[in-house]
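**Q** Please read through the structure below; I'll follow up with questions.
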Amino acid sequence: MLFAGENQLIGRWKSKASEKGNVTGVVFKDSTFEGCVNRKPFVSGVYKMAKDTFSFVDNGCEGKRGVYKIIFFSELNSLRFEPILDSCEGRRAGMSRLVLGRKK
């Protein structure tokens, strides 16, 4: 059971394989994250969570901030991102398609 203020995002998350066979993995720590594709690092950054709003800056997109609504489902074991504000088109397109499942 989660308590008020507990960060539901912390932990390891993984996508299913894409049409091209790529698997995205993300590790969320208390305020940082690291992402990989097929176990090869490709992104890292810092984030803040406020209720269901995920605000972050990563090492891509020229330091532009992305703001997304996180939608948890399947008893908080899956999530997807809904863009609120992100001027980085490639990142926005990729994150809008991304669905992650919690790794146990």
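Here, A, B, ... name the chains of the structure tokens in the order displayed, residue numbers run from 1 inside each chain, and ligands are numbered from 1 in the same displayed order.
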Using only C-alpha atoms, which residues sit within 10 Å of Leu98 of chain A once same-chain residues fewer than 4 positions away are excluded, as an MDAnalysis selection string?

**A** chainID A and resid 14:16 18 24 79:82 92:94

**Q** For the selection just defined, write its residues with C-alpha atoms to a file, as a PDB file, in the first residue's frame.

**A**
ATOM      1  CA  LYS A  14      10.249  -1.761 -18.867  1.00  0.00           C
ATOM      2  CA  SER A  15       8.316  -1.612 -22.126  1.00  0.00           C
ATOM      3  CA  LYS A  16       7.219  -4.516 -24.250  1.00  0.00           C
ATOM      4  CA  SER A  18       8.348  -2.480 -30.199  1.00  0.00           C
ATOM      5  CA  THR A  24      12.920   0.553 -23.370  1.00  0.00           C
ATOM      6  CA  LEU A  79       2.026   3.670 -16.712  1.00  0.00           C
ATOM      7  CA  ARG A  80       1.839   5.895 -19.738  1.00  0.00           C
ATOM      8  CA  PHE A  81       2.661   9.560 -20.355  1.00  0.00           C
ATOM      9  CA  GLU A  82       0.254  12.208 -21.648  1.00  0.00           C
ATOM     10  CA  ARG A  92       7.042  14.106 -27.170  1.00  0.00           C
ATOM     11  CA  ALA A  93       6.265  11.617 -29.960  1.00  0.00           C
ATOM     12  CA  GLY A  94       8.299   8.862 -28.317  1.00  0.00           C
TER      13      GLY A  94
END

**Q** Could you pull the residues within 10 Å of Glu34 of chain A, counting only C-alpha atoms, minus those fewer than 4 positions along the same chain, as a list of chain:residue names?

**A**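 Within the cut-off, the hits are A:Arg12, A:Gly25, A:Val26, A:Val27, A:Phe28, A:Lys29, A:Pro41, A:Phe42, A:Val43, A:Ser44, A:Gly45, A:Val46, A:Asp58.
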
**Q** If DSSP is run on the backbone, what residues of chain A are strand (DSSP E or B)? A reply as a PyMOL selection string would be ideal.

**A** chain A and resi 11-14+24-28+32-37+40-50+53-58+66-73+78-85+99-102

**Q** Could those selected residues go to a file with N, CA and C atoms, as a short mmCIF file (atom, residue, chain, number, x, y, z; two decimals), in the first residue's frame?

**A**
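Wrote it out as selection-v2.cif, contents follow:
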data_model
loop_
_atom_site.label_atom_id
_atom_site.label_comp_id
_atom_site.auth_asym_id
_atom_site.auth_seq_id
_atom_site.Cartn_x
_atom_site.Cartn_y
_atom_site.Cartn_z
N GLY A 11 11.65 2.99 -8.96
CA GLY A 11 11.84 1.58 -9.28
C GLY A 11 12.21 1.38 -10.73
N ARG A 12 12.17 0.14 -11.15
CA ARG A 12 12.53 -0.24 -12.53
C ARG A 12 11.26 -0.47 -13.34
N TRP A 13 11.27 0.06 -14.56
CA TRP A 13 10.14 -0.07 -15.47
C TRP A 13 10.66 -0.53 -16.82
N LYS A 14 9.82 -1.23 -17.57
CA LYS A 14 10.25 -1.76 -18.87
C LYS A 14 9.07 -1.80 -19.82
N THR A 24 12.49 -0.61 -24.14
CA THR A 24 12.92 0.55 -23.37
C THR A 24 12.82 0.22 -21.89
N GLY A 25 13.88 0.53 -21.16
CA GLY A 25 13.88 0.36 -19.72
C GLY A 25 14.19 1.69 -19.05
N VAL A 26 13.55 1.96 -17.92
CA VAL A 26 13.81 3.20 -17.19
C VAL A 26 13.91 2.87 -15.71
N VAL A 27 14.92 3.45 -15.06
CA VAL A 27 15.06 3.34 -13.61
C VAL A 27 14.83 4.73 -13.04
N PHE A 28 13.79 4.85 -12.20
CA PHE A 28 13.50 6.11 -11.53
C PHE A 28 14.00 6.01 -10.10
N THR A 32 16.07 11.43 -9.86
CA THR A 32 16.81 11.25 -11.11
C THR A 32 16.28 10.01 -11.83
N PHE A 33 16.60 9.92 -13.11
CA PHE A 33 16.21 8.75 -13.88
C PHE A 33 17.26 8.44 -14.93
N GLU A 34 17.30 7.18 -15.34
CA GLU A 34 18.17 6.73 -16.41
C GLU A 34 17.36 5.82 -17.31
N GLY A 35 17.49 6.02 -18.62
CA GLY A 35 16.76 5.20 -19.57
C GLY A 35 17.71 4.50 -20.51
N CYS A 36 17.30 3.32 -20.97
CA CYS A 36 18.11 2.57 -21.93
C CYS A 36 17.19 1.93 -22.97
N VAL A 37 17.76 1.65 -24.11
CA VAL A 37 17.06 0.90 -25.15
C VAL A 37 17.92 -0.33 -25.42
N LYS A 40 21.15 -0.51 -23.57
CA LYS A 40 22.19 0.49 -23.85
C LYS A 40 21.69 1.85 -23.38
N PRO A 41 22.45 2.52 -22.48
CA PRO A 41 22.01 3.82 -21.97
C PRO A 41 21.78 4.82 -23.10
N PHE A 42 20.67 5.58 -22.99
CA PHE A 42 20.43 6.61 -24.00
C PHE A 42 19.94 7.92 -23.42
N VAL A 43 19.47 7.94 -22.18
CA VAL A 43 18.98 9.18 -21.61
C VAL A 43 19.11 9.15 -20.10
N SER A 44 19.34 10.34 -19.52
CA SER A 44 19.33 10.48 -18.06
C SER A 44 18.89 11.91 -17.77
N GLY A 45 18.42 12.11 -16.55
CA GLY A 45 17.98 13.45 -16.19
C GLY A 45 17.48 13.54 -14.77
N VAL A 46 16.89 14.68 -14.49
CA VAL A 46 16.30 14.94 -13.17
C VAL A 46 14.82 15.21 -13.35
N TYR A 47 14.03 14.87 -12.33
CA TYR A 47 12.59 15.07 -12.43
C TYR A 47 11.98 15.46 -11.09
N LYS A 48 10.76 15.96 -11.17
CA LYS A 48 9.93 16.24 -10.00
C LYS A 48 8.55 15.65 -10.27
N MET A 49 7.95 15.11 -9.23
CA MET A 49 6.58 14.62 -9.31
C MET A 49 5.72 15.48 -8.40
N ALA A 50 4.58 15.92 -8.90
CA ALA A 50 3.59 16.64 -8.11
C ALA A 50 2.25 16.02 -8.46
N THR A 53 1.70 14.81 -12.07
CA THR A 53 2.45 15.59 -13.05
C THR A 53 3.95 15.32 -12.92
N PHE A 54 4.54 14.88 -14.02
CA PHE A 54 5.95 14.53 -14.12
C PHE A 54 6.64 15.64 -14.91
N SER A 55 7.54 16.37 -14.27
CA SER A 55 8.27 17.48 -14.89
C SER A 55 9.75 17.11 -14.88
N PHE A 56 10.43 17.23 -16.02
CA PHE A 56 11.81 16.76 -16.07
C PHE A 56 12.65 17.52 -17.10
N VAL A 57 13.95 17.40 -16.92
CA VAL A 57 14.94 17.86 -17.89
C VAL A 57 15.90 16.69 -18.08
N ASP A 58 16.15 16.32 -19.35
CA ASP A 58 17.06 15.21 -19.61
C ASP A 58 18.28 15.71 -20.38
N GLY A 66 10.30 19.01 -20.10
CA GLY A 66 9.09 18.32 -20.53
C GLY A 66 8.16 18.18 -19.34
N VAL A 67 6.87 18.36 -19.57
CA VAL A 67 5.88 18.20 -18.51
C VAL A 67 4.79 17.26 -19.03
N TYR A 68 4.56 16.18 -18.29
CA TYR A 68 3.62 15.14 -18.70
C TYR A 68 2.73 14.74 -17.53
N LYS A 69 1.53 14.33 -17.85
CA LYS A 69 0.66 13.70 -16.87
C LYS A 69 0.99 12.22 -16.92
N ILE A 70 1.23 11.62 -15.74
CA ILE A 70 1.46 10.19 -15.69
C ILE A 70 0.15 9.52 -15.36
N ILE A 71 -0.20 8.54 -16.16
CA ILE A 71 -1.43 7.79 -15.94
C ILE A 71 -1.03 6.37 -15.53
N PHE A 72 -1.25 6.07 -14.25
CA PHE A 72 -0.99 4.72 -13.74
C PHE A 72 -2.22 3.87 -13.98
N PHE A 73 -2.02 2.60 -14.30
CA PHE A 73 -3.14 1.68 -14.45
C PHE A 73 -2.67 0.27 -14.09
N SER A 78 1.53 -0.38 -14.23
CA SER A 78 1.78 0.07 -15.59
C SER A 78 1.57 1.58 -15.63
N LEU A 79 2.22 2.23 -16.58
CA LEU A 79 2.03 3.67 -16.71
C LEU A 79 2.21 4.10 -18.15
N ARG A 80 1.62 5.24 -18.45
CA ARG A 80 1.84 5.89 -19.74
C ARG A 80 1.92 7.39 -19.49
N PHE A 81 2.44 8.12 -20.47
CA PHE A 81 2.66 9.56 -20.35
C PHE A 81 1.74 10.31 -21.31
N GLU A 82 1.10 11.34 -20.82
CA GLU A 82 0.25 12.21 -21.65
C GLU A 82 0.89 13.60 -21.64
N PRO A 83 1.30 14.12 -22.80
CA PRO A 83 2.00 15.40 -22.82
C PRO A 83 1.12 16.57 -22.35
N ILE A 84 1.72 17.40 -21.51
CA ILE A 84 1.10 18.65 -21.09
C ILE A 84 1.83 19.80 -21.79
N LEU A 85 3.18 19.76 -21.70
CA LEU A 85 4.01 20.79 -22.32
C LEU A 85 5.36 20.20 -22.65
N VAL A 99 4.58 2.85 -23.15
CA VAL A 99 3.84 2.26 -22.03
C VAL A 99 4.87 1.40 -21.28
N LEU A 100 4.96 1.63 -19.98
CA LEU A 100 5.93 0.90 -19.16
C LEU A 100 5.24 0.05 -18.11
N GLY A 101 5.82 -1.09 -17.83
CA GLY A 101 5.34 -1.96 -16.78
C GLY A 101 6.39 -2.05 -15.68
N ARG A 102 5.93 -2.13 -14.43
CA ARG A 102 6.85 -2.20 -13.30
C ARG A 102 7.58 -3.55 -13.30
#

**Q** Nearest residue to Asp86 of chain A out of A:Lys20, A:Ser74, A:Arg65, A:Lys103, using only C-alpha atoms?

**A**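 The shortest atom-to-atom distance to Asp86 of chain A comes from A:Arg65.
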